[in-house]
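Text of the file upload.tsv, holding TSV, C-alpha atoms:
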```tsv
chain	number	residue	atom	x	y	z
A	1	MET	CA	-27.50	20.60	4.87
A	2	ASN	CA	-27.29	18.01	2.11
A	3	PRO	CA	-30.73	16.35	2.15
A	4	SER	CA	-29.23	13.06	1.03
A	5	VAL	CA	-27.02	12.94	4.15
A	6	SER	CA	-29.96	13.40	6.52
A	7	SER	CA	-31.66	10.28	5.13
A	8	VAL	CA	-28.68	7.94	4.74
A	9	ASN	CA	-29.31	4.31	5.65
A	10	THR	CA	-26.26	2.61	4.10
A	11	VAL	CA	-22.59	3.57	3.99
A	12	TYR	CA	-20.30	1.71	1.58
A	13	VAL	CA	-16.78	1.94	3.01
A	14	ILE	CA	-13.74	1.33	0.79
A	15	PRO	CA	-10.41	1.43	2.64
A	16	GLY	CA	-7.35	2.48	0.66
A	17	GLY	CA	-4.78	-0.03	-0.42
A	18	GLY	CA	-1.56	1.90	-0.86
A	19	SER	CA	-0.33	3.86	-3.83
A	20	THR	CA	1.69	1.13	-5.49
A	21	ASN	CA	0.51	-1.82	-7.56
A	22	GLU	CA	1.46	-5.48	-7.21
A	23	GLN	CA	4.69	-4.88	-9.17
A	24	GLY	CA	5.73	-2.15	-6.73
A	25	GLU	CA	5.09	0.61	-9.28
A	26	GLN	CA	3.24	3.75	-8.30
A	27	GLY	CA	-0.41	3.69	-9.26
A	28	TYR	CA	-3.88	2.47	-8.30
A	29	PRO	CA	-3.54	-1.03	-6.80
A	30	LYS	CA	-5.54	-3.84	-8.37
A	31	TRP	CA	-6.87	-4.89	-4.96
A	32	THR	CA	-8.31	-1.41	-4.33
A	33	GLU	CA	-9.83	-1.42	-7.80
A	34	GLN	CA	-11.46	-4.79	-7.01
A	35	ARG	CA	-12.82	-3.50	-3.68
A	36	THR	CA	-14.32	-0.49	-5.40
A	37	ILE	CA	-15.96	-2.57	-8.12
A	38	ALA	CA	-17.38	-4.95	-5.49
A	39	ALA	CA	-18.87	-2.03	-3.53
A	40	VAL	CA	-20.39	-0.51	-6.68
A	41	ASN	CA	-21.85	-3.86	-7.75
A	42	HIS	CA	-23.42	-4.26	-4.30
A	43	TYR	CA	-24.82	-0.73	-4.50
A	44	LYS	CA	-26.25	-1.28	-7.99
A	45	GLU	CA	-27.99	-4.48	-6.83
A	46	SER	CA	-29.39	-2.70	-3.77
A	47	GLN	CA	-32.99	-1.57	-3.44
A	48	ASP	CA	-31.84	1.37	-1.30
A	49	LYS	CA	-29.83	3.55	-3.72
A	50	GLN	CA	-31.59	6.77	-2.68
A	51	SER	CA	-30.26	6.52	0.86
A	52	SER	CA	-26.73	5.19	0.26
A	53	ILE	CA	-23.36	6.94	0.28
A	54	PHE	CA	-19.72	5.94	-0.25
A	55	LEU	CA	-16.73	6.68	1.98
A	56	ALA	CA	-13.27	6.23	0.45
A	57	LEU	CA	-10.83	5.87	3.35
A	58	SER	CA	-7.15	6.79	3.54
A	59	ALA	CA	-4.92	9.72	2.86
A	60	GLY	CA	-2.03	7.37	2.18
A	61	SER	CA	0.18	4.72	3.64
A	62	LEU	CA	3.28	4.98	5.75
A	63	ASN	CA	4.60	2.02	3.71
A	64	SER	CA	4.54	3.65	0.27
A	65	PRO	CA	4.84	7.27	-0.85
A	66	ASN	CA	1.87	8.96	-2.46
A	67	ILE	CA	2.17	9.88	-6.10
A	68	LYS	CA	2.21	13.53	-7.10
A	69	LEU	CA	-0.59	15.15	-9.04
A	70	SER	CA	0.14	15.54	-12.72
A	71	ASP	CA	-0.58	19.30	-12.72
A	72	ASN	CA	2.99	20.30	-11.73
A	73	SER	CA	1.68	21.77	-8.46
A	74	ASN	CA	3.96	19.56	-6.34
A	75	ARG	CA	0.84	18.40	-4.47
A	76	ILE	CA	0.26	14.73	-3.68
A	77	GLN	CA	-2.63	12.57	-4.73
A	78	PHE	CA	-4.20	11.18	-1.60
A	79	GLU	CA	-5.20	7.51	-1.77
A	80	CYS	CA	-8.88	8.28	-1.38
A	81	MET	CA	-8.73	10.53	-4.45
A	82	SER	CA	-7.95	7.50	-6.65
A	83	THR	CA	-10.89	5.58	-5.22
A	84	MET	CA	-13.17	8.61	-5.54
A	85	SER	CA	-12.18	9.04	-9.20
A	86	HIS	CA	-12.80	5.36	-9.83
A	87	LEU	CA	-16.25	5.61	-8.26
A	88	LYS	CA	-17.08	8.51	-10.60
A	89	GLU	CA	-15.81	6.49	-13.58
A	90	LEU	CA	-18.20	3.74	-12.49
A	91	LEU	CA	-21.02	6.33	-12.64
A	92	ILE	CA	-21.56	6.83	-8.93
A	93	PRO	CA	-22.94	10.38	-8.45
A	94	HIS	CA	-20.30	12.67	-6.95
A	95	GLU	CA	-22.84	13.96	-4.41
A	96	ILE	CA	-22.77	10.63	-2.56
A	97	ILE	CA	-18.97	10.17	-2.54
A	98	PHE	CA	-16.99	11.24	0.52
A	99	GLY	CA	-13.24	11.00	1.07
A	100	ASP	CA	-10.89	10.70	4.03
A	101	PHE	CA	-7.85	12.96	3.71
A	102	ILE	CA	-6.65	12.34	7.28
A	103	SER	CA	-5.81	8.70	8.01
A	104	TRP	CA	-2.48	7.00	7.23
A	105	ASP	CA	-2.95	3.51	8.74
A	106	THR	CA	-5.63	0.99	9.69
A	107	VAL	CA	-6.23	2.40	13.18
A	108	SER	CA	-6.65	5.96	11.93
A	109	ASN	CA	-8.90	4.60	9.10
A	110	GLY	CA	-11.11	3.26	11.89
A	111	LEU	CA	-11.01	6.52	13.83
A	112	VAL	CA	-12.00	8.53	10.74
A	113	LEU	CA	-14.80	6.04	10.08
A	114	ARG	CA	-15.98	6.46	13.69
A	115	MET	CA	-15.99	10.28	13.42
A	116	PHE	CA	-17.76	10.11	10.04
A	117	LEU	CA	-20.45	7.76	11.38
A	118	GLU	CA	-20.96	9.80	14.56
A	119	GLY	CA	-21.51	12.94	12.48
A	120	LEU	CA	-23.81	11.08	10.12
A	121	LEU	CA	-25.85	9.62	12.98
A	122	ASP	CA	-26.25	13.11	14.42
A	123	LEU	CA	-27.56	14.48	11.08
A	124	ARG	CA	-29.90	11.64	10.20
A	125	LYS	CA	-33.66	12.04	10.46
A	126	GLU	CA	-34.18	8.31	10.87
A	127	THR	CA	-33.41	6.48	14.09
A	128	ASN	CA	-33.33	3.03	12.51
A	129	VAL	CA	-30.16	1.02	12.08
A	130	LEU	CA	-27.38	2.47	9.92
A	131	VAL	CA	-25.89	-0.24	7.71
A	132	VAL	CA	-22.12	-0.03	7.23
A	133	GLN	CA	-20.70	-2.23	4.46
A	134	VAL	CA	-16.89	-2.46	4.43
A	135	PHE	CA	-15.25	-3.75	1.25
A	136	ILE	CA	-11.75	-5.03	1.90
A	137	SER	CA	-9.37	-7.57	0.41
A	138	ASP	CA	-9.05	-10.99	2.03
A	139	PHE	CA	-5.40	-10.42	2.96
A	140	HIS	CA	-6.35	-7.35	5.02
A	141	SER	CA	-9.77	-8.38	6.30
A	142	GLU	CA	-8.81	-9.76	9.71
A	143	ARG	CA	-6.81	-6.67	10.70
A	144	VAL	CA	-9.50	-4.29	9.42
A	145	SER	CA	-12.30	-6.24	11.11
A	146	GLU	CA	-10.52	-6.37	14.49
A	147	THR	CA	-9.48	-2.71	14.30
A	148	PHE	CA	-12.87	-1.39	13.21
A	149	ASN	CA	-14.73	-3.47	15.80
A	150	TRP	CA	-12.39	-2.13	18.49
A	151	VAL	CA	-12.69	1.50	17.35
A	152	LEU	CA	-16.46	1.31	16.85
A	153	GLY	CA	-16.97	-0.51	20.12
A	154	SER	CA	-18.82	-3.43	18.58
```
Mind turning this structure into structure tokens?
Amino acid sequence: MNPSVSSVNTVYVIPGGGSTNEQGEQGYPKWTEQRTIAAVNHYKESQDKQSSIFLALSAGSLNSPNIKLSDNSNRIQFECMSTMSHLKELLIPHEIIFGDFISWDTVSNGLVLRMFLEGLLDLRKETNVLVVQVFISDFHSERVSETFNWVLGS
């Protein structure tokens, strides 16, 4: 078992934002980049870095096709892979970065988050509160908040 997972107190959650930018071109959307930077800034200002992890949500979106990997393998680049790469570029250790390769919409983002948190709670040594910080854009915040509260039962 990863010893860092058994002592996690904070999860920084970054939902995907599609695979097209504001001009409709394929690529890493500015709003997802901004979410990621906000989460990293919060983490860097935190006193609890040793017990924090990141979860990049989303395999993709039903509204925009995923881009293909540049290795000619005909495989797609899942949305979370872009966020995970960005986190590494921002010097977040790869050992504390987790990705969701399952969900394709806001409801399934919430379900994956629920499964992830349930597994994490089962592995943790501590019984204190687990802090979940979700970083989302204003235009999507109401839908994410309502969906995640419903799925998490809060």
Near-region 50-61 of chain A list (6 Å; all atoms listed in the file; drop same-chain fewer than 2 positions) as a VMD selection string | chain A and resid 7 to 16 18 48 63 to 64 78 to 80 96 to 104
Show which residues sit within 12 Å of Gly153 (chain A), as a list in words. Count all atoms listed in the file, and ignore same-chain residues fewer than 6 positions away.
-> Gly110, Leu111, Arg114, Ser145, Glu146 and Thr147 of chain A
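Residues lying within 12 Å of Gly119 (chain A), counting all atoms listed in the file and ignoring same-chain neighbours fewer than 5 positions away, are Val5, Ser6, Val8, Val112, Leu113, Arg114 and Arg124 of chain A.
Take CA of Gly27 (chain A) and CA of Thr106 (chain A): the distance between them is 19.8 Å.
Taking CA of Asn149 (chain A) and CA of Asn109 (chain A) as endpoints, the distance between them is 12.0 Å.
We find CA of Val129 (chain A) and CA of Pro93 (chain A) to be spaced 23.7 Å apart.
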